[in-house]
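Asks: Starting off with a structure, shown below.
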Protein chains: 2
Amino acid sequence: MSVTIKDIARLAGVSHTTVSRALNDSPLINEKTKDRIRAIAEEMDYTPNFSAKSLVLDRSYNLGLFFTTLSKGTSAGFFYDAIRGVNSVIQDRYQLIVKGIDDYTSFHSITRKSFDGIIVVSQSDEDQPLIDHAADKGIPLVVLNRPVDTVGVLNVLSDEEQGAFQATSYLIRQGHRNMALIEGRVGFKSAQNRKEGFERALAHHGITLKPSHRFPGLYDLESGYKAMQQFLMLEDRPTAVFCCNDEMALGAMKAISEAGLQVPGDISVIGFDDTVFAAYVTPALTTVRRPIEQISKEGAIRLLGNIENKQYATEQVLLKTELIVRESVHPLQLTGEEG
Amino acid sequence: MSVTIKDIARLAGVSHTTVSRALNDSPLINEKTKDRIRAIAEEMDYTPNFSAKSLVLDRSYNLGLFFTTLSKGTSAGFFYDAIRGVNSVIQDRYQLIVKGIDDYTSFHSITRKSFDGIIVVSQSDEDQPLIDHAADKGIPLVVLNRPVDTVGVLNVLSDEEQGAFQATSYLIRQGHRNMALIEGRVGFKSAQNRKEGFERALAHHGITLKPSHRFPGLYDLESGYKAMQQFLMLEDRPTAVFCCNDEMALGAMKAISEAGLQVPGDISVIGFDDTVFAAYVTPALTTVRRPIEQISKEGAIRLLGNIENKQYATEQVLLKTELIVRESVHPLQLTGEEG
DNA sequence: CTGAAAGCGCTAACAG
DNA sequence: CTGTTAGCGCTTTCAG
């Protein structure tokens with residue numbers, strides 16, 4: 001069996017309490033004694049039993065990182081950035097447990113005992129039951145990526161409506177009037193926000209969008225491809241397409257080039273997210289950058305603070321998005337005011 | 001505080017021992033009693049305290065999923081597929097703890113108490129100390145993606161050398177003789193395997209590669225781009241480039257198109273991994289498919305079996321790769337035998 | 001079939 | 001500054 005504090009106590013000729021205190025650097029213990037005990041612990045290759053600690057301290061040392069789904073509709077880059085961001089913050093102090101919310105049949109096992117805190121990377125309103133459950137159980141909680149107004153829940157996200165508004169305004173400034181929209185996954189908040197930003201920019205310029213010029217996507221390459229195929233069959237083919245993420249934009253570009261047309265010569269394409277590959281496709285994709293890694297870092301930092309200070313202040317942090325202009329948008333006709 | 005078996009015992013008018021047994025479906029307990037206790041537990045919204053269980057049962061209910069690194073050199077798609085594969089297998093029975101091996105300063109905390117089993121998605125020989133440590137501690141272990149011969153360690157991977165050999169042979173059958181190689185990250189086993197497969201195919205056909213026609217990459221888009229820029233400056237520019245992953249292939253394609261040349265008209269490009277975007281770039285990328293998700297599923301299944309049966313058989317599973325022919329390779333000159 | 005008692009490894013009063 | 005004692009919530013002998 002493995003070494004316990006009792007073993008150390010025996011060797012050091014002290015009580016196991018003293019060992020416990022020494023190893024936790026308690027001010028109650030003489031420095032000399034501490035050093036001696038630490039040396040013995042080191043030598044015996046002692047590792048604390050976290051189950052025992054957890055039991056008595058009522059802390060699990062677990063942090064949950066929950067995604068809406070692991071199996072569909074989450075893009076790999078998004079997933080990777082989120083985990084990286086959180087991981088870079090928690091370091092050694094916690095174990096990072098990754099879960100898909102849709103894997104749960106019951107939230108019963110999610111308690112304050114099993115998670116010291118939870119980070120929900122939320123893409124859909126359907127995550128709300130989980131969020132409510134966790135808030136209900138009093139688990140420190142931060143929700144990323146989607147606005148929530150649950151009391152006591154920290155919230156970090158980027159202003160995607162604004163990002164979409166900017167991107168669309170840019171399209172308009174480049175002279176485009178006949179535009180199309182490839183929407184995100186139904187039920188995903190990001191899909192709605194981006195659509196709304198797009199629509200607000202249009203309304204702002206008195207442009208209307210025909211029903212034929214919008215298409216619901218799934219946030220994956222294929223749905224962008226298919227949506228674009230639809231648009232290409234239209235009589236009044238759009239001169240610019242706003243895609244609710246980069247994957248769909250890439251799919252759309254594929255459809256355009258297969259039809260023998262050019263991006264951006266014939267049709268301009270704009271994406272969202274600034275995925276790693278955006279700069280490397282040809283033409284390089286003009287898109288909206290969303291600071292996922294920063295969001296998840298901020299979220300993790302706040303969560304840790306929350307766990308440790310036990311203060312449950314509601315707070316929403318809104319990070320800026322940024323339009324990254326590259327090559328996939330072509331000016332259609334200059335309108336006097338420079339773009 | 002939360003409900004414990006003692007609370008249930010009090011309400012049911014039995015001892016907490018009986019409750020424990022009932023909830024664990026022990027054959028020692030009368031079915032009627034079980035039902036009654038289960039009903040009460042349900043009603044009180046009882047959740048077992050896993051720290052307490054862990055302490056006495058000496059199991060953590062944690063499964064570690066270790067990557068060589070979370071911060072660099074791991075591609076998002078690879079990461080995502082691996083987590084998905086494992087997650088789909090473990091279901092509710094374990095918590096999945098994701099770690100980057102390079103985040104550890106000491107493996108001290110990795111014990112049989114803290115992990116019931118470990119899956120190492122290994123990309124580098126540098127992971128060996130961790131693998132040895134875990135094997136040493138007697139933690140059930142499966143290593144994915146890289147061959148190891150540590151005793152008692154399960155091993156699931158794909159035959160990448162063979163995949164690279166096939167891909168290169170295909171290039172040769174298409175008439176290419178003047179080829180170039182963009183290598184993977186130094187120290188990554190996959191980089192070495194792919195390079196060796198490439199070289200074996202060349203040797204097999206008596207083709208030699210000039211030092212100028214190989215370039216070390218980092219598995220990311222940028223390094224593929226830069227490598228290709230080097231090749232483009234060569235006097236005897238290659239007619240085909242073998243890239244050790246799809247990201248670098250995309251970077252290379254970017255460099256080619258920026259130079260005013262065509263893929264595959266002027267230069268053929270072949271990748272590795274069959275990333276999601278491979279089919280959607282233009283031209284669609286010819287590449288080698290590697291069944292990451294299947295590998296991680298197989299690995300997880302074997303690990304669970306191993307944990308539960310306590311049998312530590314060394315076993316290596318080698319899964320096939322598959323050449324996916326798309327559009328990025330152009331026949332240079334037919335050689336009689338069809339390609 | 002059920003219960004009493006002990007103990008997993010650790011921390012935290014309470015004494016001294 | 002150190003030790004004694006109790007107990008976290010659970011499972012597991014050992015008796016009955």
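So you can find residues: chains in the structure tokens are A, B, ... in the order shown, residues in each start at 1, and ligands are numbered from 1 in order.
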Using only C-alpha atoms (C1' of nucleotides), select each residue of chain A with any atom at most 6 Å away from an atom of chain D, and give the selection as a list in words.
Replies: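 Putting it all together, I get Ile29, Leu55 and Val56 of chain A.
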Asks: Determine which residues of chain C sit within 12 Å of chain B, taking into account only C-alpha atoms (C1' of nucleotides), and present them as an NGL selection string.
Replies: :C and (1-5 or 7-10)
Asks: Per DSSP on the backbone, filter stretch 21-238 of chain A down to the residues in alpha helix (DSSP H) and report them as a PyMOL selection string.
Replies: chain A and resi 21-23+31-43+50-57+76-90+128-136+160-173+189-204+221-232
Asks: Excluding stretch 258-273 of chain A and any residue of its chain fewer than 6 positions from it, enumerate the residues within 10 Å of it, using only C-alpha atoms (C1' of nucleotides), and give them as an MDAnalysis selection string.
Replies: (chainID A and resid 77:78 160 163:164 167:168 170:171 176 179:182 194 229 232 237:250 252 282:292 321:332) or (chainID B and resid 282:283)
Asks: Report as JSON lines the residues of chain A within 8 Å of chain B, each with its shortest atom pair and distance in Å (one decimal), using only C-alpha atoms, ordered by chain and increasing residue number.
Replies:
{"residue": "A:Asp45", "atom": "CA", "partner": "B:His108", "partner_atom": "CA", "distance": 7.9}
{"residue": "A:Thr47", "atom": "CA", "partner": "B:Ser109", "partner_atom": "CA", "distance": 6.3}
{"residue": "A:Asn49", "atom": "CA", "partner": "B:Lys113", "partner_atom": "CA", "distance": 6.9}
{"residue": "A:Phe50", "atom": "CA", "partner": "B:Ser114", "partner_atom": "CA", "distance": 7.2}
{"residue": "A:Ser51", "atom": "CA", "partner": "B:Ser51", "partner_atom": "CA", "distance": 4.9}
{"residue": "A:Ala52", "atom": "CA", "partner": "B:Leu55", "partner_atom": "CA", "distance": 5.8}
{"residue": "A:Ser54", "atom": "CA", "partner": "B:Ser51", "partner_atom": "CA", "distance": 5.9}
{"residue": "A:Leu55", "atom": "CA", "partner": "B:Ser51", "partner_atom": "CA", "distance": 5.3}
{"residue": "A:Ser60", "atom": "CA", "partner": "B:Ser51", "partner_atom": "CA", "distance": 7.4}
{"residue": "A:Leu70", "atom": "CA", "partner": "B:Arg84", "partner_atom": "CA", "distance": 6.2}
{"residue": "A:Ser71", "atom": "CA", "partner": "B:Arg84", "partner_atom": "CA", "distance": 6.6}
{"residue": "A:Ala76", "atom": "CA", "partner": "B:Gly77", "partner_atom": "CA", "distance": 5.2}
{"residue": "A:Gly77", "atom": "CA", "partner": "B:Ala76", "partner_atom": "CA", "distance": 5.2}
{"residue": "A:Phe79", "atom": "CA", "partner": "B:Tyr80", "partner_atom": "CA", "distance": 7.0}
{"residue": "A:Tyr80", "atom": "CA", "partner": "B:Ala76", "partner_atom": "CA", "distance": 5.4}
{"residue": "A:Arg84", "atom": "CA", "partner": "B:Leu70", "partner_atom": "CA", "distance": 6.2}
{"residue": "A:Asn87", "atom": "CA", "partner": "B:Lys99", "partner_atom": "CA", "distance": 8.0}
{"residue": "A:Gln91", "atom": "CA", "partner": "B:Asp103", "partner_atom": "CA", "distance": 7.3}
{"residue": "A:Asp92", "atom": "CA", "partner": "B:Tyr104", "partner_atom": "CA", "distance": 7.9}
{"residue": "A:Gln95", "atom": "CA", "partner": "B:Ile97", "partner_atom": "CA", "distance": 6.4}
{"residue": "A:Leu96", "atom": "CA", "partner": "B:Ile97", "partner_atom": "CA", "distance": 5.4}
{"residue": "A:Ile97", "atom": "CA", "partner": "B:Ile97", "partner_atom": "CA", "distance": 4.6}
{"residue": "A:Val98", "atom": "CA", "partner": "B:Leu96", "partner_atom": "CA", "distance": 6.0}
{"residue": "A:Lys99", "atom": "CA", "partner": "B:Leu96", "partner_atom": "CA", "distance": 7.5}
{"residue": "A:Asp103", "atom": "CA", "partner": "B:Gln91", "partner_atom": "CA", "distance": 7.4}
{"residue": "A:Tyr104", "atom": "CA", "partner": "B:Asp92", "partner_atom": "CA", "distance": 7.9}
{"residue": "A:His108", "atom": "CA", "partner": "B:Thr47", "partner_atom": "CA", "distance": 7.0}
{"residue": "A:Ser109", "atom": "CA", "partner": "B:Thr47", "partner_atom": "CA", "distance": 6.4}
{"residue": "A:Lys113", "atom": "CA", "partner": "B:Asn49", "partner_atom": "CA", "distance": 6.9}
{"residue": "A:Ser114", "atom": "CA", "partner": "B:Phe50", "partner_atom": "CA", "distance": 7.2}
{"residue": "A:Leu221", "atom": "CA", "partner": "B:Tyr280", "partner_atom": "CA", "distance": 7.1}
{"residue": "A:Glu247", "atom": "CA", "partner": "B:Phe277", "partner_atom": "CA", "distance": 7.9}
{"residue": "A:Leu250", "atom": "CA", "partner": "B:Tyr280", "partner_atom": "CA", "distance": 6.6}
{"residue": "A:Gly251", "atom": "CA", "partner": "B:Tyr280", "partner_atom": "CA", "distance": 6.0}
{"residue": "A:Lys254", "atom": "CA", "partner": "B:Tyr280", "partner_atom": "CA", "distance": 5.9}
{"residue": "A:Ser257", "atom": "CA", "partner": "B:Thr282", "partner_atom": "CA", "distance": 7.6}
{"residue": "A:Phe277", "atom": "CA", "partner": "B:Leu221", "partner_atom": "CA", "distance": 7.3}
{"residue": "A:Tyr280", "atom": "CA", "partner": "B:Lys254", "partner_atom": "CA", "distance": 5.9}
{"residue": "A:Val281", "atom": "CA", "partner": "B:Lys254", "partner_atom": "CA", "distance": 6.6}
{"residue": "A:Thr282", "atom": "CA", "partner": "B:Lys254", "partner_atom": "CA", "distance": 6.4}
Asks: Write the residues of the selection above to a file with N, CA, C and O atoms, as a compact mmCIF listing (two decimals), in the first residue's frame.
Replies:
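Output (result38.txt):
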# COMPACT_ATOMS: atom_id res chain seq x y z
N ASP A 45 8.43 9.22 -0.64
CA ASP A 45 7.61 9.44 -1.81
C ASP A 45 6.11 9.48 -1.44
O ASP A 45 5.27 8.82 -2.05
N THR A 47 2.43 10.78 -1.20
CA THR A 47 1.43 11.58 -1.94
C THR A 47 0.14 11.60 -1.13
O THR A 47 -0.33 10.54 -0.72
N ASN A 49 -3.62 11.43 -0.11
CA ASN A 49 -4.78 10.75 -0.68
C ASN A 49 -5.89 11.78 -0.83
O ASN A 49 -6.47 12.25 0.15
N PHE A 50 -6.17 12.12 -2.07
CA PHE A 50 -7.12 13.20 -2.31
C PHE A 50 -8.55 12.83 -1.95
O PHE A 50 -9.36 13.70 -1.64
N SER A 51 -8.84 11.56 -1.99
CA SER A 51 -10.19 11.17 -1.59
C SER A 51 -10.41 11.49 -0.12
O SER A 51 -11.46 11.98 0.28
N ALA A 52 -9.41 11.20 0.67
CA ALA A 52 -9.51 11.46 2.10
C ALA A 52 -9.61 12.96 2.37
O ALA A 52 -10.44 13.44 3.15
N SER A 54 -10.63 15.21 0.31
CA SER A 54 -11.92 15.66 -0.20
C SER A 54 -13.01 15.40 0.82
O SER A 54 -13.85 16.24 1.09
N LEU A 55 -12.96 14.22 1.38
CA LEU A 55 -14.02 13.81 2.30
C LEU A 55 -14.10 14.77 3.49
O LEU A 55 -15.17 15.25 3.85
N SER A 60 -13.77 18.84 -3.84
CA SER A 60 -13.47 17.71 -4.71
C SER A 60 -12.19 17.92 -5.52
O SER A 60 -11.65 17.00 -6.09
N LEU A 70 -20.61 17.28 -27.18
CA LEU A 70 -19.29 16.91 -27.67
C LEU A 70 -19.41 16.22 -29.03
O LEU A 70 -18.43 16.01 -29.71
N SER A 71 -20.64 15.87 -29.36
CA SER A 71 -20.75 15.01 -30.53
C SER A 71 -21.14 15.72 -31.82
O SER A 71 -20.88 15.24 -32.89
N ALA A 76 -14.13 21.98 -33.81
CA ALA A 76 -12.92 21.50 -33.16
C ALA A 76 -12.07 22.64 -32.64
O ALA A 76 -11.55 22.59 -31.53
N GLY A 77 -11.95 23.69 -33.42
CA GLY A 77 -11.10 24.80 -33.03
C GLY A 77 -11.63 25.50 -31.78
O GLY A 77 -10.88 25.85 -30.87
N PHE A 79 -13.53 24.20 -29.47
CA PHE A 79 -13.35 23.25 -28.39
C PHE A 79 -11.92 23.30 -27.85
O PHE A 79 -11.68 23.43 -26.65
N TYR A 80 -11.00 23.26 -28.77
CA TYR A 80 -9.59 23.24 -28.42
C TYR A 80 -9.19 24.53 -27.70
O TYR A 80 -8.55 24.51 -26.65
N ARG A 84 -7.86 24.84 -23.86
CA ARG A 84 -6.54 25.43 -23.64
C ARG A 84 -6.59 26.62 -22.73
O ARG A 84 -5.77 26.78 -21.83
N ASN A 87 -7.34 25.45 -19.18
CA ASN A 87 -6.23 24.68 -18.66
C ASN A 87 -5.04 25.55 -18.27
O ASN A 87 -4.35 25.29 -17.29
N GLN A 91 -3.85 25.29 -13.87
CA GLN A 91 -2.57 24.70 -13.49
C GLN A 91 -2.73 23.42 -12.68
O GLN A 91 -3.45 22.54 -13.08
N ASP A 92 -2.06 23.39 -11.54
CA ASP A 92 -2.04 22.16 -10.74
C ASP A 92 -3.19 22.07 -9.75
O ASP A 92 -3.42 21.02 -9.17
N GLN A 95 -8.40 19.48 -11.10
CA GLN A 95 -8.50 18.55 -12.21
C GLN A 95 -9.57 19.10 -13.15
O GLN A 95 -10.63 19.52 -12.69
N LEU A 96 -9.31 19.05 -14.42
CA LEU A 96 -10.28 19.54 -15.39
C LEU A 96 -11.09 18.38 -15.94
O LEU A 96 -10.54 17.50 -16.60
N ILE A 97 -12.37 18.39 -15.66
CA ILE A 97 -13.22 17.31 -16.13
C ILE A 97 -14.09 17.80 -17.29
O ILE A 97 -14.87 18.73 -17.14
N VAL A 98 -13.90 17.18 -18.43
CA VAL A 98 -14.61 17.62 -19.63
C VAL A 98 -15.86 16.78 -19.86
O VAL A 98 -15.82 15.56 -19.79
N LYS A 99 -16.95 17.46 -20.10
CA LYS A 99 -18.24 16.77 -20.26
C LYS A 99 -19.05 17.38 -21.40
O LYS A 99 -18.94 18.57 -21.67
N ASP A 103 -24.72 14.49 -22.82
CA ASP A 103 -24.43 13.12 -22.41
C ASP A 103 -25.17 12.75 -21.12
O ASP A 103 -25.29 11.58 -20.78
N TYR A 104 -25.65 13.76 -20.42
CA TYR A 104 -26.32 13.50 -19.14
C TYR A 104 -27.78 13.12 -19.36
O TYR A 104 -28.50 13.78 -20.10
N HIS A 108 -28.44 14.61 -11.60
CA HIS A 108 -28.43 14.17 -10.22
C HIS A 108 -27.03 14.11 -9.62
O HIS A 108 -26.80 14.49 -8.48
N SER A 109 -26.10 13.64 -10.41
CA SER A 109 -24.76 13.43 -9.89
C SER A 109 -23.93 14.72 -9.85
O SER A 109 -22.79 14.71 -9.40
N LYS A 113 -20.44 18.53 -4.02
CA LYS A 113 -19.39 17.59 -3.59
C LYS A 113 -18.55 17.13 -4.77
O LYS A 113 -17.37 16.82 -4.61
N SER A 114 -19.16 17.01 -5.91
CA SER A 114 -18.42 16.44 -7.02
C SER A 114 -17.71 17.49 -7.88
O SER A 114 -16.79 17.16 -8.62
N LEU A 221 -19.09 22.39 -42.50
CA LEU A 221 -18.67 22.66 -43.86
C LEU A 221 -19.76 22.30 -44.86
O LEU A 221 -20.07 23.07 -45.77
N GLU A 247 -16.37 27.74 -40.98
CA GLU A 247 -16.56 26.44 -41.61
C GLU A 247 -17.57 26.53 -42.75
O GLU A 247 -17.32 26.05 -43.86
N LEU A 250 -16.21 28.33 -45.68
CA LEU A 250 -15.34 27.50 -46.51
C LEU A 250 -16.19 26.59 -47.41
O LEU A 250 -15.89 26.42 -48.60
N GLY A 251 -17.24 26.03 -46.84
CA GLY A 251 -18.15 25.22 -47.63
C GLY A 251 -18.75 26.02 -48.77
O GLY A 251 -18.84 25.56 -49.91
N LYS A 254 -16.34 26.62 -51.52
CA LYS A 254 -16.19 25.40 -52.32
C LYS A 254 -17.29 25.32 -53.39
O LYS A 254 -17.02 25.04 -54.56
N SER A 257 -16.64 27.84 -56.16
CA SER A 257 -15.58 27.51 -57.11
C SER A 257 -15.98 26.32 -57.97
O SER A 257 -15.62 26.25 -59.14
N PHE A 277 -7.58 28.23 -39.85
CA PHE A 277 -7.33 28.09 -41.29
C PHE A 277 -7.79 29.29 -42.12
O PHE A 277 -7.48 29.39 -43.29
N TYR A 280 -5.42 30.99 -44.28
CA TYR A 280 -4.68 30.15 -45.22
C TYR A 280 -5.48 29.58 -46.37
O TYR A 280 -4.94 28.95 -47.25
N VAL A 281 -6.78 29.75 -46.34
CA VAL A 281 -7.53 29.32 -47.50
C VAL A 281 -7.31 30.35 -48.60
O VAL A 281 -6.81 31.45 -48.35
N THR A 282 -7.67 29.98 -49.81
CA THR A 282 -7.48 30.89 -50.92
C THR A 282 -8.83 31.18 -51.57
O THR A 282 -9.49 30.23 -52.00
Asks: For atom CA of B:Val3 and atom C1' of C:DC14, determine how far apart the two atoms are, in Å to one decimal place.
Replies: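 About the pair atom CA of B:Val3 and atom C1' of C:DC14: they are 28.2 Å apart.
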Asks: Distance atom CA of A:Glu199-atom CA of A:Glu161, one decimal place?
Replies: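 One can read the atom CA of A:Glu199 to atom CA of A:Glu161 distance as 9.6 Å.
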Asks: Could you pull out the residues in stretch 102-248 of chain B that DSSP calls strand (DSSP E or B) from the backbone, as number ranges by chain?
Replies: B: 117-121, 124, 141-144, 154-158, 179-183, 188, 214-216, 240-243
Asks: Please produce a file of those selected residues containing C-alpha atoms, as a PDB file, in the first residue's frame.
Replies:
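Contents of the output file out_38.pdb:
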ATOM      1  CA  GLY B 117      -6.727   4.332 -15.585  1.00  0.00           C
ATOM      2  CA  ILE B 118      -4.871   6.531 -18.002  1.00  0.00           C
ATOM      3  CA  ILE B 119      -5.055   7.010 -21.733  1.00  0.00           C
ATOM      4  CA  VAL B 120      -2.011   8.637 -23.202  1.00  0.00           C
ATOM      5  CA  VAL B 121      -2.424  10.126 -26.636  1.00  0.00           C
ATOM      6  CA  SER B 124       6.430  12.097 -28.787  1.00  0.00           C
ATOM      7  CA  LEU B 141      -2.626   2.256 -19.101  1.00  0.00           C
ATOM      8  CA  VAL B 142      -3.239   2.478 -22.807  1.00  0.00           C
ATOM      9  CA  VAL B 143      -1.060   4.417 -25.156  1.00  0.00           C
ATOM     10  CA  LEU B 144      -2.566   5.645 -28.377  1.00  0.00           C
ATOM     11  CA  LEU B 154      -1.947  -1.613 -24.192  1.00  0.00           C
ATOM     12  CA  ASN B 155      -1.189   0.126 -27.432  1.00  0.00           C
ATOM     13  CA  VAL B 156      -3.532   1.241 -30.192  1.00  0.00           C
ATOM     14  CA  LEU B 157      -2.328   3.107 -33.231  1.00  0.00           C
ATOM     15  CA  SER B 158      -2.532   3.388 -36.961  1.00  0.00           C
ATOM     16  CA  MET B 179       9.371  15.470 -55.038  1.00  0.00           C
ATOM     17  CA  ALA B 180       9.716  17.404 -51.809  1.00  0.00           C
ATOM     18  CA  LEU B 181       8.911  16.605 -48.213  1.00  0.00           C
ATOM     19  CA  ILE B 182       7.563  18.897 -45.536  1.00  0.00           C
ATOM     20  CA  GLU B 183       8.320  17.055 -42.339  1.00  0.00           C
ATOM     21  CA  PHE B 188       7.026  13.577 -32.789  1.00  0.00           C
ATOM     22  CA  ARG B 214      13.111  18.474 -47.417  1.00  0.00           C
ATOM     23  CA  PHE B 215      12.079  20.955 -44.796  1.00  0.00           C
ATOM     24  CA  PRO B 216      11.237  20.525 -41.119  1.00  0.00           C
ATOM     25  CA  ALA B 240       4.867  17.214 -56.032  1.00  0.00           C
ATOM     26  CA  VAL B 241       5.059  17.862 -52.307  1.00  0.00           C
ATOM     27  CA  PHE B 242       4.330  15.381 -49.571  1.00  0.00           C
ATOM     28  CA  CYS B 243       3.180  17.221 -46.443  1.00  0.00           C
TER      29      CYS B 243
END
